[in-house]
Amino acid sequence: MSETRVEQTRTYSRLYIGGEHVDSSDGSTFQIINPANQGVVAEVAKATPEDARAAVEAAQQAFRSWAKIPAAQRAESVFRAGELIRSRKDELARLLTIEEGKALRESAVEVGEAYKAFMYFAGEGRRLWSIVTPSEQPEKFAMTVRRPLGVVVVITPWNFPIVTPSWGIAPALVCGNTVVFKPASNTPLVAAALVDLLAEAGVPQGVINLITGPGGTVGETLLSHPDVKAVTFTGESATGKRVAEMNAQFLRRQVLELGGKNPLIVARDCELDLTVGAALFASFSNTGQRCTCTSRIIVEKPLVEAFTRKFVDVASGLRVGNGLHPHTEMGPVVSQGAFDKIHRYIDIGVREGAKLLTGGYKYTDSERSRGFFIPPTVFGDVSNDMKIAQDEIFGPVVGILEAANIDDAIAIANDTRYGLSSAIYTKDIQNAYKAIEEIDAGVTFINQGTSGVEVGASFGGVKDSGYGRELGEAAIDHFTEKKTVYIDYSYARRPWFFPWESS
Ligand code: NAD
């Protein structure tokens, strides 16, 4: 990692444009705060609109030559980057924990998932299949070929600062596009490290560019540029709608991966201990800051009491602390803003009449009071019309709701503006199929919590949770344009209409 290092002392991270590490054009910077102790860990270049335009222009300039390199060869750079990610796993995981806060073991898993994305899409470089269709005519050939799009913008949030960018960047590059990457302002350090690894792996100048800075200015400048041909955006639903408005000006291709309010249904026939464990992970892993986290646990009435007792018991025992401590199970939330917002929702839940069963308080011990720590928080007696059941809180807060039966549970699950992930725990195949057929969500897990998607299967949401799909075969469709080719080798056919027919 040539330019971005975080050790004990503060470091400086720059933009990466056209193969050069550069300061922002007006020299301005912003600070990165460690959410575990509020220490300043880095200064980061704050790009100007001029820098954002320069990045698109560098990517546009690099596009023609990168697109001409055979896909299998492009994929070799992506493969090498994957190998570098794996070989630097510990270093990257530590950096990730310092800037985002999650427990070190979760950071290590995330880095491992980024490695998988690079390996999976490197393999695609030897496929990029398209279709040959039997022609209606003799001695005629009909097929589609895939072509790269051009400059692609990848805009990402802070909660998965290495895996979310990898899901966009790796397939975009293998498909022959060049990339301008704009990470969230809370987590630019891992982003910069990822870009440095790509350069080290041999990705040519201008093919990958990094712009750090506020979404409202540099993000919008990128989206205003006519040379940008596609956007992969991950973030809040409200921001996604703004991004879609801007993309509409150019009829631009887009994938929007947005918020969620994910239900986990607990059927009366489920394996209780297994379900409690899965619900715990789905609710509180990554400190509840996954787009796919469970935030509504919908339990069939006969099991509500037993499930709640066991769930609250294990949730209140989770070890909360600095993510760098080896025994930590749940780190802090990402920022002061997130901390304040989550506490506002905890107060709302209490005022709405939900029963605070555990958590909800502020730590007073000397270590945790310095950071943005929130204990695992569980509300009981939640009804689905409460704000805490409808709004995305994006923190370690989950509500337990009662359902009369599975049909009622599915109706509650669907009564939301979101539709990202969903899950059911059951041994009854009819329940499972009902969930598959009737839950309005991009993902339904059967006997798995709402989190844990795999790179080989497409991923995305419905309703306010998103538009389009990434990963798997969907990523290849997103990052390539299909051109249809007809080849007539008969040298005989004539169009039927004037003037040839009459001659
Ligand atoms: P956010 O919408 O505030 O920001 C996301 C990114 O967009 C950041 O890089 C930000 O700088 C940029 N941005 C902000 N305003 C912009 C604008 N006007 N134009 C262009 N870019 C702009 O989201 P966040 O707080 O960073 O992330 C949390 C959200 O992300 C949650 O809602 C979560 O559910 C969602 N998320 C969704 C998925 C998914 O796959 N569906 C995955 C992870 C996170």
# chains A, B, ... in the order shown; residues from 1 in each chain; ligands from 1
>>> residues_near_ligand(ligand="ligand 1", cutoff="9 Å", atoms="only C-alpha atoms and all ligand atoms", output="mmCIF file with C-alpha atoms, in the first residue's frame")
data_model
loop_
_atom_site.group_PDB
_atom_site.id
_atom_site.type_symbol
_atom_site.label_atom_id
_atom_site.label_comp_id
_atom_site.auth_asym_id
_atom_site.auth_seq_id
_atom_site.Cartn_x
_atom_site.Cartn_y
_atom_site.Cartn_z
ATOM 1 C CA VAL A 154 -19.069 3.423 -8.330
ATOM 2 C CA ILE A 155 -20.460 5.263 -5.275
ATOM 3 C CA THR A 156 -20.432 3.365 -2.003
ATOM 4 C CA PRO A 157 -21.494 3.699 1.651
ATOM 5 C CA TRP A 158 -19.331 3.220 4.737
ATOM 6 C CA ASN A 159 -20.790 0.041 6.223
ATOM 7 C CA PHE A 160 -18.914 -2.411 3.944
ATOM 8 C CA THR A 164 -19.281 -3.147 -1.633
ATOM 9 C CA LYS A 182 -16.303 7.611 -4.819
ATOM 10 C CA PRO A 183 -16.327 6.000 -1.350
ATOM 11 C CA ALA A 184 -18.223 7.314 1.667
ATOM 12 C CA SER A 185 -16.490 10.076 3.577
ATOM 13 C CA ASN A 186 -16.380 8.028 6.799
ATOM 14 C CA THR A 187 -14.329 5.250 5.202
ATOM 15 C CA THR A 212 -12.807 11.288 -1.930
ATOM 16 C CA GLY A 213 -15.098 14.042 -0.721
ATOM 17 C CA PRO A 214 -18.719 14.961 -0.040
ATOM 18 C CA GLY A 215 -21.373 13.165 -2.073
ATOM 19 C CA GLY A 216 -23.506 16.271 -2.423
ATOM 20 C CA THR A 217 -20.795 18.083 -4.376
ATOM 21 C CA VAL A 218 -18.288 15.670 -5.922
ATOM 22 C CA GLY A 219 -20.816 12.819 -6.203
ATOM 23 C CA GLU A 220 -23.205 15.069 -8.077
ATOM 24 C CA THR A 221 -20.404 16.428 -10.268
ATOM 25 C CA LEU A 222 -19.547 12.884 -11.316
ATOM 26 C CA LEU A 223 -23.197 12.159 -12.072
ATOM 27 C CA PHE A 233 -24.790 3.291 -6.308
ATOM 28 C CA THR A 234 -25.162 1.864 -2.810
ATOM 29 C CA GLY A 235 -26.584 4.006 -0.025
ATOM 30 C CA GLU A 236 -29.775 5.368 1.476
ATOM 31 C CA SER A 237 -33.044 5.223 -0.428
ATOM 32 C CA ALA A 238 -33.428 9.012 -0.427
ATOM 33 C CA THR A 239 -29.943 9.478 -1.912
ATOM 34 C CA GLY A 240 -30.653 6.702 -4.416
ATOM 35 C CA ARG A 242 -31.626 11.697 -6.197
ATOM 36 C CA VAL A 243 -29.005 9.621 -8.052
ATOM 37 C CA MET A 246 -29.590 12.640 -12.241
ATOM 38 C CA LEU A 256 -29.254 1.224 -6.978
ATOM 39 C CA GLU A 257 -28.688 -0.807 -3.801
ATOM 40 C CA LEU A 258 -30.618 0.975 -1.057
ATOM 41 C CA GLY A 259 -32.052 0.685 2.455
ATOM 42 C CA GLY A 260 -33.996 -2.082 4.151
ATOM 43 C CA LYS A 261 -36.305 -2.960 7.032
ATOM 44 C CA GLN A 289 -25.332 -1.599 10.204
ATOM 45 C CA ARG A 290 -25.931 -3.991 7.334
ATOM 46 C CA CYS A 291 -28.483 -3.182 4.661
ATOM 47 C CA THR A 292 -29.598 -6.794 5.126
ATOM 48 C CA CYS A 293 -29.737 -6.757 8.930
ATOM 49 C CA ALA A 338 -25.353 7.647 13.572
ATOM 50 C CA GLU A 392 -34.531 2.197 8.732
ATOM 51 C CA ILE A 393 -32.684 2.827 12.024
ATOM 52 C CA PHE A 394 -29.406 1.258 10.831
ATOM 53 C CA LEU A 420 -34.418 -5.920 0.396
ATOM 54 C CA SER A 421 -33.902 -9.085 2.409
ATOM 55 C CA PHE A 459 -28.495 -9.367 -5.419
ATOM 56 C CA GLY A 460 -30.749 -6.340 -5.088
ATOM 57 C CA GLY A 461 -34.007 -5.011 -3.694
ATOM 58 C CA SER A 465 -34.756 -0.930 -1.479
ATOM 59 C CA GLY A 466 -33.408 -0.612 -4.943
ATOM 60 C CA GLU A 470 -25.572 -6.717 -8.974
#
>>> residues_around(residues="A:Val382", least_positions_apart="3", cutoff="6 Å", atoms="only C-alpha atoms", output="PyMOL selection string")
chain A and resi 354+399-401
>>> write_last_selection(atoms="N, CA, C and O atoms", output="PDB file, in the first residue's frame")
ATOM      1  N   ALA A 354     -43.574   0.796  22.755  1.00  0.00           N
ATOM      2  CA  ALA A 354     -42.897  -0.507  22.663  1.00  0.00           C
ATOM      3  C   ALA A 354     -42.174  -0.753  23.984  1.00  0.00           C
ATOM      4  O   ALA A 354     -41.838   0.189  24.708  1.00  0.00           O
ATOM      5  N   GLY A 399     -36.884  -5.008  16.736  1.00  0.00           N
ATOM      6  CA  GLY A 399     -38.192  -5.123  17.372  1.00  0.00           C
ATOM      7  C   GLY A 399     -38.768  -6.531  17.187  1.00  0.00           C
ATOM      8  O   GLY A 399     -38.563  -7.150  16.136  1.00  0.00           O
ATOM      9  N   ILE A 400     -39.469  -6.993  18.209  1.00  0.00           N
ATOM     10  CA  ILE A 400     -40.153  -8.299  18.102  1.00  0.00           C
ATOM     11  C   ILE A 400     -41.644  -8.040  17.935  1.00  0.00           C
ATOM     12  O   ILE A 400     -42.262  -7.291  18.715  1.00  0.00           O
ATOM     13  N   LEU A 401     -42.219  -8.632  16.892  1.00  0.00           N
ATOM     14  CA  LEU A 401     -43.636  -8.435  16.572  1.00  0.00           C
ATOM     15  C   LEU A 401     -44.338  -9.790  16.642  1.00  0.00           C
ATOM     16  O   LEU A 401     -43.743 -10.821  16.289  1.00  0.00           O
TER      17      LEU A 401
END
>>> select_by_dssp(residues="stretch 318-391 of chain A", states="helix (DSSP H, G or I)", output="mmCIF file with all heavy atoms, in the first residue's frame")
data_model
loop_
_atom_site.group_PDB
_atom_site.id
_atom_site.type_symbol
_atom_site.label_atom_id
_atom_site.label_comp_id
_atom_site.auth_asym_id
_atom_site.auth_seq_id
_atom_site.Cartn_x
_atom_site.Cartn_y
_atom_site.Cartn_z
ATOM 1 N N GLN A 336 -20.783 10.025 15.167
ATOM 2 C CA GLN A 336 -21.635 10.755 16.111
ATOM 3 C C GLN A 336 -23.047 10.900 15.538
ATOM 4 O O GLN A 336 -24.048 10.742 16.244
ATOM 5 C CB GLN A 336 -21.031 12.154 16.356
ATOM 6 C CG GLN A 336 -21.791 12.995 17.374
ATOM 7 C CD GLN A 336 -21.561 12.522 18.803
ATOM 8 O OE1 GLN A 336 -20.428 12.447 19.256
ATOM 9 N NE2 GLN A 336 -22.639 12.202 19.512
ATOM 10 N N GLY A 337 -23.121 11.175 14.236
ATOM 11 C CA GLY A 337 -24.429 11.341 13.586
ATOM 12 C C GLY A 337 -25.262 10.073 13.713
ATOM 13 O O GLY A 337 -26.465 10.122 14.038
ATOM 14 N N ALA A 338 -24.635 8.917 13.469
ATOM 15 C CA ALA A 338 -25.353 7.647 13.572
ATOM 16 C C ALA A 338 -25.765 7.398 15.021
ATOM 17 O O ALA A 338 -26.896 6.966 15.308
ATOM 18 C CB ALA A 338 -24.461 6.511 13.071
ATOM 19 N N PHE A 339 -24.863 7.685 15.954
ATOM 20 C CA PHE A 339 -25.124 7.498 17.384
ATOM 21 C C PHE A 339 -26.358 8.305 17.801
ATOM 22 O O PHE A 339 -27.275 7.802 18.444
ATOM 23 C CB PHE A 339 -23.876 7.945 18.164
ATOM 24 C CG PHE A 339 -23.968 7.789 19.657
ATOM 25 C CD1 PHE A 339 -23.617 6.592 20.268
ATOM 26 C CD2 PHE A 339 -24.389 8.855 20.461
ATOM 27 C CE1 PHE A 339 -23.684 6.458 21.662
ATOM 28 C CE2 PHE A 339 -24.462 8.723 21.831
ATOM 29 C CZ PHE A 339 -24.103 7.520 22.442
ATOM 30 N N ASP A 340 -26.386 9.569 17.403
ATOM 31 C CA ASP A 340 -27.511 10.445 17.785
ATOM 32 C C ASP A 340 -28.813 9.961 17.154
ATOM 33 O O ASP A 340 -29.858 9.925 17.807
ATOM 34 C CB ASP A 340 -27.228 11.887 17.361
ATOM 35 C CG ASP A 340 -26.049 12.488 18.117
ATOM 36 O OD1 ASP A 340 -25.688 11.933 19.178
ATOM 37 O OD2 ASP A 340 -25.479 13.499 17.644
ATOM 38 N N LYS A 341 -28.749 9.586 15.883
ATOM 39 C CA LYS A 341 -29.966 9.141 15.180
ATOM 40 C C LYS A 341 -30.538 7.876 15.847
ATOM 41 O O LYS A 341 -31.745 7.769 16.080
ATOM 42 C CB LYS A 341 -29.621 8.864 13.701
ATOM 43 C CG LYS A 341 -30.778 8.246 12.928
ATOM 44 C CD LYS A 341 -30.375 7.859 11.514
ATOM 45 C CE LYS A 341 -31.386 6.876 10.937
ATOM 46 N NZ LYS A 341 -31.054 6.335 9.643
ATOM 47 N N ILE A 342 -29.667 6.942 16.180
ATOM 48 C CA ILE A 342 -30.142 5.679 16.764
ATOM 49 C C ILE A 342 -30.772 5.951 18.143
ATOM 50 O O ILE A 342 -31.840 5.417 18.468
ATOM 51 C CB ILE A 342 -28.980 4.657 16.844
ATOM 52 C CG1 ILE A 342 -28.543 4.284 15.421
ATOM 53 C CG2 ILE A 342 -29.392 3.413 17.634
ATOM 54 C CD1 ILE A 342 -27.168 3.665 15.325
ATOM 55 N N HIS A 343 -30.145 6.818 18.913
ATOM 56 C CA HIS A 343 -30.742 7.147 20.220
ATOM 57 C C HIS A 343 -32.076 7.873 20.061
ATOM 58 O O HIS A 343 -32.991 7.661 20.864
ATOM 59 C CB HIS A 343 -29.758 7.935 21.091
ATOM 60 C CG HIS A 343 -28.856 7.016 21.863
ATOM 61 N ND1 HIS A 343 -29.327 6.226 22.899
ATOM 62 C CD2 HIS A 343 -27.547 6.709 21.725
ATOM 63 C CE1 HIS A 343 -28.335 5.492 23.374
ATOM 64 N NE2 HIS A 343 -27.243 5.761 22.675
ATOM 65 N N ARG A 344 -32.190 8.697 19.028
ATOM 66 C CA ARG A 344 -33.495 9.345 18.784
ATOM 67 C C ARG A 344 -34.559 8.277 18.555
ATOM 68 O O ARG A 344 -35.667 8.356 19.079
ATOM 69 C CB ARG A 344 -33.415 10.266 17.549
ATOM 70 C CG ARG A 344 -33.051 11.702 17.882
ATOM 71 C CD ARG A 344 -33.413 12.670 16.754
ATOM 72 N NE ARG A 344 -32.959 12.303 15.430
ATOM 73 C CZ ARG A 344 -31.724 12.524 14.954
ATOM 74 N NH1 ARG A 344 -30.823 13.104 15.717
ATOM 75 N NH2 ARG A 344 -31.396 12.175 13.731
ATOM 76 N N TYR A 345 -34.207 7.245 17.790
ATOM 77 C CA TYR A 345 -35.187 6.185 17.515
ATOM 78 C C TYR A 345 -35.497 5.353 18.759
ATOM 79 O O TYR A 345 -36.621 4.883 18.939
ATOM 80 C CB TYR A 345 -34.725 5.303 16.351
ATOM 81 C CG TYR A 345 -35.196 5.863 15.026
ATOM 82 C CD1 TYR A 345 -34.325 6.528 14.176
ATOM 83 C CD2 TYR A 345 -36.531 5.760 14.649
ATOM 84 C CE1 TYR A 345 -34.771 7.072 12.979
ATOM 85 C CE2 TYR A 345 -36.992 6.299 13.460
ATOM 86 C CZ TYR A 345 -36.110 6.948 12.630
ATOM 87 O OH TYR A 345 -36.569 7.491 11.453
ATOM 88 N N ILE A 346 -34.500 5.171 19.605
ATOM 89 C CA ILE A 346 -34.773 4.423 20.852
ATOM 90 C C ILE A 346 -35.791 5.213 21.688
ATOM 91 O O ILE A 346 -36.767 4.649 22.207
ATOM 92 C CB ILE A 346 -33.458 4.160 21.618
ATOM 93 C CG1 ILE A 346 -32.593 3.166 20.820
ATOM 94 C CG2 ILE A 346 -33.753 3.622 23.025
ATOM 95 C CD1 ILE A 346 -31.172 2.991 21.341
ATOM 96 N N ASP A 347 -35.620 6.524 21.757
ATOM 97 C CA ASP A 347 -36.583 7.367 22.497
ATOM 98 C C ASP A 347 -37.968 7.293 21.845
ATOM 99 O O ASP A 347 -38.985 7.208 22.539
ATOM 100 C CB ASP A 347 -36.114 8.827 22.522
ATOM 101 C CG ASP A 347 -34.837 8.993 23.339
ATOM 102 O OD1 ASP A 347 -34.521 8.066 24.110
ATOM 103 O OD2 ASP A 347 -34.155 10.030 23.187
ATOM 104 N N ILE A 348 -37.985 7.319 20.527
ATOM 105 C CA ILE A 348 -39.274 7.237 19.815
ATOM 106 C C ILE A 348 -39.963 5.921 20.157
ATOM 107 O O ILE A 348 -41.164 5.878 20.452
ATOM 108 C CB ILE A 348 -39.062 7.362 18.279
ATOM 109 C CG1 ILE A 348 -38.676 8.796 17.921
ATOM 110 C CG2 ILE A 348 -40.316 6.932 17.511
ATOM 111 C CD1 ILE A 348 -38.233 8.979 16.471
ATOM 112 N N GLY A 349 -39.198 4.824 20.141
ATOM 113 C CA GLY A 349 -39.779 3.507 20.442
ATOM 114 C C GLY A 349 -40.424 3.486 21.821
ATOM 115 O O GLY A 349 -41.543 2.972 21.997
ATOM 116 N N VAL A 350 -39.728 4.066 22.792
ATOM 117 C CA VAL A 350 -40.274 4.103 24.155
ATOM 118 C C VAL A 350 -41.563 4.936 24.166
ATOM 119 O O VAL A 350 -42.581 4.529 24.738
ATOM 120 C CB VAL A 350 -39.225 4.669 25.145
ATOM 121 C CG1 VAL A 350 -39.831 4.924 26.512
ATOM 122 C CG2 VAL A 350 -38.023 3.723 25.238
ATOM 123 N N ARG A 351 -41.514 6.086 23.507
ATOM 124 C CA ARG A 351 -42.710 6.955 23.470
ATOM 125 C C ARG A 351 -43.875 6.302 22.737
ATOM 126 O O ARG A 351 -45.035 6.521 23.066
ATOM 127 C CB ARG A 351 -42.372 8.288 22.785
ATOM 128 C CG ARG A 351 -41.643 9.275 23.693
ATOM 129 C CD ARG A 351 -41.861 10.713 23.227
ATOM 130 N NE ARG A 351 -41.466 10.920 21.849
ATOM 131 C CZ ARG A 351 -40.210 11.153 21.443
ATOM 132 N NH1 ARG A 351 -39.236 11.218 22.328
ATOM 133 N NH2 ARG A 351 -39.933 11.334 20.169
ATOM 134 N N GLU A 352 -43.555 5.476 21.729
ATOM 135 C CA GLU A 352 -44.626 4.819 20.971
ATOM 136 C C GLU A 352 -45.280 3.687 21.759
ATOM 137 O O GLU A 352 -46.270 3.109 21.334
ATOM 138 C CB GLU A 352 -44.062 4.234 19.665
ATOM 139 C CG GLU A 352 -43.787 5.260 18.594
ATOM 140 C CD GLU A 352 -43.190 4.628 17.326
ATOM 141 O OE1 GLU A 352 -42.246 3.816 17.450
ATOM 142 O OE2 GLU A 352 -43.661 4.939 16.236
ATOM 143 N N ARG A 368 -15.807 2.991 26.887
ATOM 144 C CA ARG A 368 -16.891 3.062 25.896
ATOM 145 C C ARG A 368 -17.573 4.431 25.830
ATOM 146 O O ARG A 368 -18.144 4.785 24.807
ATOM 147 C CB ARG A 368 -17.901 1.939 26.142
ATOM 148 C CG ARG A 368 -17.322 0.589 25.706
ATOM 149 C CD ARG A 368 -18.234 -0.544 25.983
ATOM 150 N NE ARG A 368 -18.416 -0.772 27.404
ATOM 151 C CZ ARG A 368 -19.007 -1.835 27.923
ATOM 152 N NH1 ARG A 368 -19.494 -2.781 27.116
ATOM 153 N NH2 ARG A 368 -19.140 -1.988 29.213
ATOM 154 N N SER A 369 -17.484 5.200 26.903
ATOM 155 C CA SER A 369 -18.114 6.524 26.845
ATOM 156 C C SER A 369 -17.366 7.467 25.897
ATOM 157 O O SER A 369 -17.882 8.493 25.487
ATOM 158 C CB SER A 369 -18.197 7.140 28.242
ATOM 159 O OG SER A 369 -16.900 7.260 28.767
ATOM 160 N N ARG A 370 -16.138 7.084 25.515
ATOM 161 C CA ARG A 370 -15.366 7.927 24.594
ATOM 162 C C ARG A 370 -15.729 7.654 23.128
ATOM 163 O O ARG A 370 -15.399 8.424 22.239
ATOM 164 C CB ARG A 370 -13.864 7.668 24.770
ATOM 165 C CG ARG A 370 -13.306 8.343 26.015
ATOM 166 C CD ARG A 370 -11.793 8.301 25.993
ATOM 167 N NE ARG A 370 -11.270 6.945 26.033
ATOM 168 C CZ ARG A 370 -10.227 6.501 25.345
ATOM 169 N NH1 ARG A 370 -9.585 7.289 24.522
ATOM 170 N NH2 ARG A 370 -9.826 5.246 25.455
ATOM 171 N N LYS A 387 -43.149 3.812 14.233
ATOM 172 C CA LYS A 387 -42.024 4.337 13.445
ATOM 173 C C LYS A 387 -40.808 3.414 13.536
ATOM 174 O O LYS A 387 -40.092 3.234 12.559
ATOM 175 C CB LYS A 387 -41.643 5.732 13.964
ATOM 176 C CG LYS A 387 -42.061 6.850 13.040
ATOM 177 C CD LYS A 387 -41.682 8.192 13.614
ATOM 178 C CE LYS A 387 -40.544 8.874 12.863
ATOM 179 N NZ LYS A 387 -40.742 8.974 11.415
ATOM 180 N N ILE A 388 -40.609 2.816 14.725
ATOM 181 C CA ILE A 388 -39.428 1.943 14.859
ATOM 182 C C ILE A 388 -39.579 0.667 14.029
ATOM 183 O O ILE A 388 -38.598 -0.046 13.805
ATOM 184 C CB ILE A 388 -39.093 1.589 16.327
ATOM 185 C CG1 ILE A 388 -40.280 0.915 17.014
ATOM 186 C CG2 ILE A 388 -38.585 2.794 17.087
ATOM 187 C CD1 ILE A 388 -39.873 0.192 18.297
ATOM 188 N N ALA A 389 -40.803 0.378 13.573
ATOM 189 C CA ALA A 389 -41.001 -0.791 12.706
ATOM 190 C C ALA A 389 -41.008 -0.404 11.229
ATOM 191 O O ALA A 389 -40.981 -1.280 10.359
ATOM 192 C CB ALA A 389 -42.313 -1.488 13.049
ATOM 193 N N GLN A 390 -41.068 0.886 10.951
ATOM 194 C CA GLN A 390 -41.177 1.320 9.559
ATOM 195 C C GLN A 390 -39.909 1.993 9.029
ATOM 196 O O GLN A 390 -39.591 1.860 7.857
ATOM 197 C CB GLN A 390 -42.364 2.296 9.405
ATOM 198 C CG GLN A 390 -43.727 1.630 9.528
ATOM 199 C CD GLN A 390 -44.010 0.648 8.383
ATOM 200 O OE1 GLN A 390 -43.568 0.850 7.260
ATOM 201 N NE2 GLN A 390 -44.726 -0.431 8.681
#
>>> select_by_dssp(residues="stretch 15-193 of chain A", states="strand (DSSP E)", output="PyMOL selection string")
chain A and resi 15-17+20-22+29-33+40-45+132-133+140-148+151-155+178-182
>>> residues_around(residues="stretch 443-445 of chain A", least_positions_apart="4", cutoff="7 Å", atoms="only C-alpha atoms", output="ChimeraX atom specification")
/A:420-424,436,449-450
>>> residues_around(residues="A:Val203", least_positions_apart="2", cutoff="9 Å", atoms="only C-alpha atoms", output="PyMOL selection string")
chain A and resi 74+77-78+81+173+198-201+205-208
>>> residues_around(residues="A:Thr287", least_positions_apart="5", cutoff="9 Å", atoms="only C-alpha atoms", output="ChimeraX atom specification")
/A:101-103,329-333,374-376,394-397
>>> write_last_selection(atoms="C-alpha atoms", output="PDB file, in the first residue's frame")
ATOM      1  CA  GLY A 101     -15.428   0.369  13.940  1.00  0.00           C
ATOM      2  CA  LYS A 102     -16.598  -3.199  13.322  1.00  0.00           C
ATOM      3  CA  ALA A 103     -15.053  -6.052  15.272  1.00  0.00           C
ATOM      4  CA  GLU A 329     -18.276  -9.207  19.381  1.00  0.00           C
ATOM      5  CA  MET A 330     -19.864  -5.860  18.537  1.00  0.00           C
ATOM      6  CA  GLY A 331     -18.032  -2.603  17.845  1.00  0.00           C
ATOM      7  CA  PRO A 332     -19.280   0.993  17.926  1.00  0.00           C
ATOM      8  CA  VAL A 333     -21.583   2.578  15.351  1.00  0.00           C
ATOM      9  CA  ILE A 374     -24.654   1.409  21.701  1.00  0.00           C
ATOM     10  CA  PRO A 375     -25.657  -1.827  23.428  1.00  0.00           C
ATOM     11  CA  PRO A 376     -27.733  -4.469  21.623  1.00  0.00           C
ATOM     12  CA  PHE A 394     -29.406   1.258  10.831  1.00  0.00           C
ATOM     13  CA  GLY A 395     -27.987   0.304  14.204  1.00  0.00           C
ATOM     14  CA  PRO A 396     -28.189  -2.425  16.866  1.00  0.00           C
ATOM     15  CA  VAL A 397     -31.918  -2.031  17.458  1.00  0.00           C
TER      16      VAL A 397
END
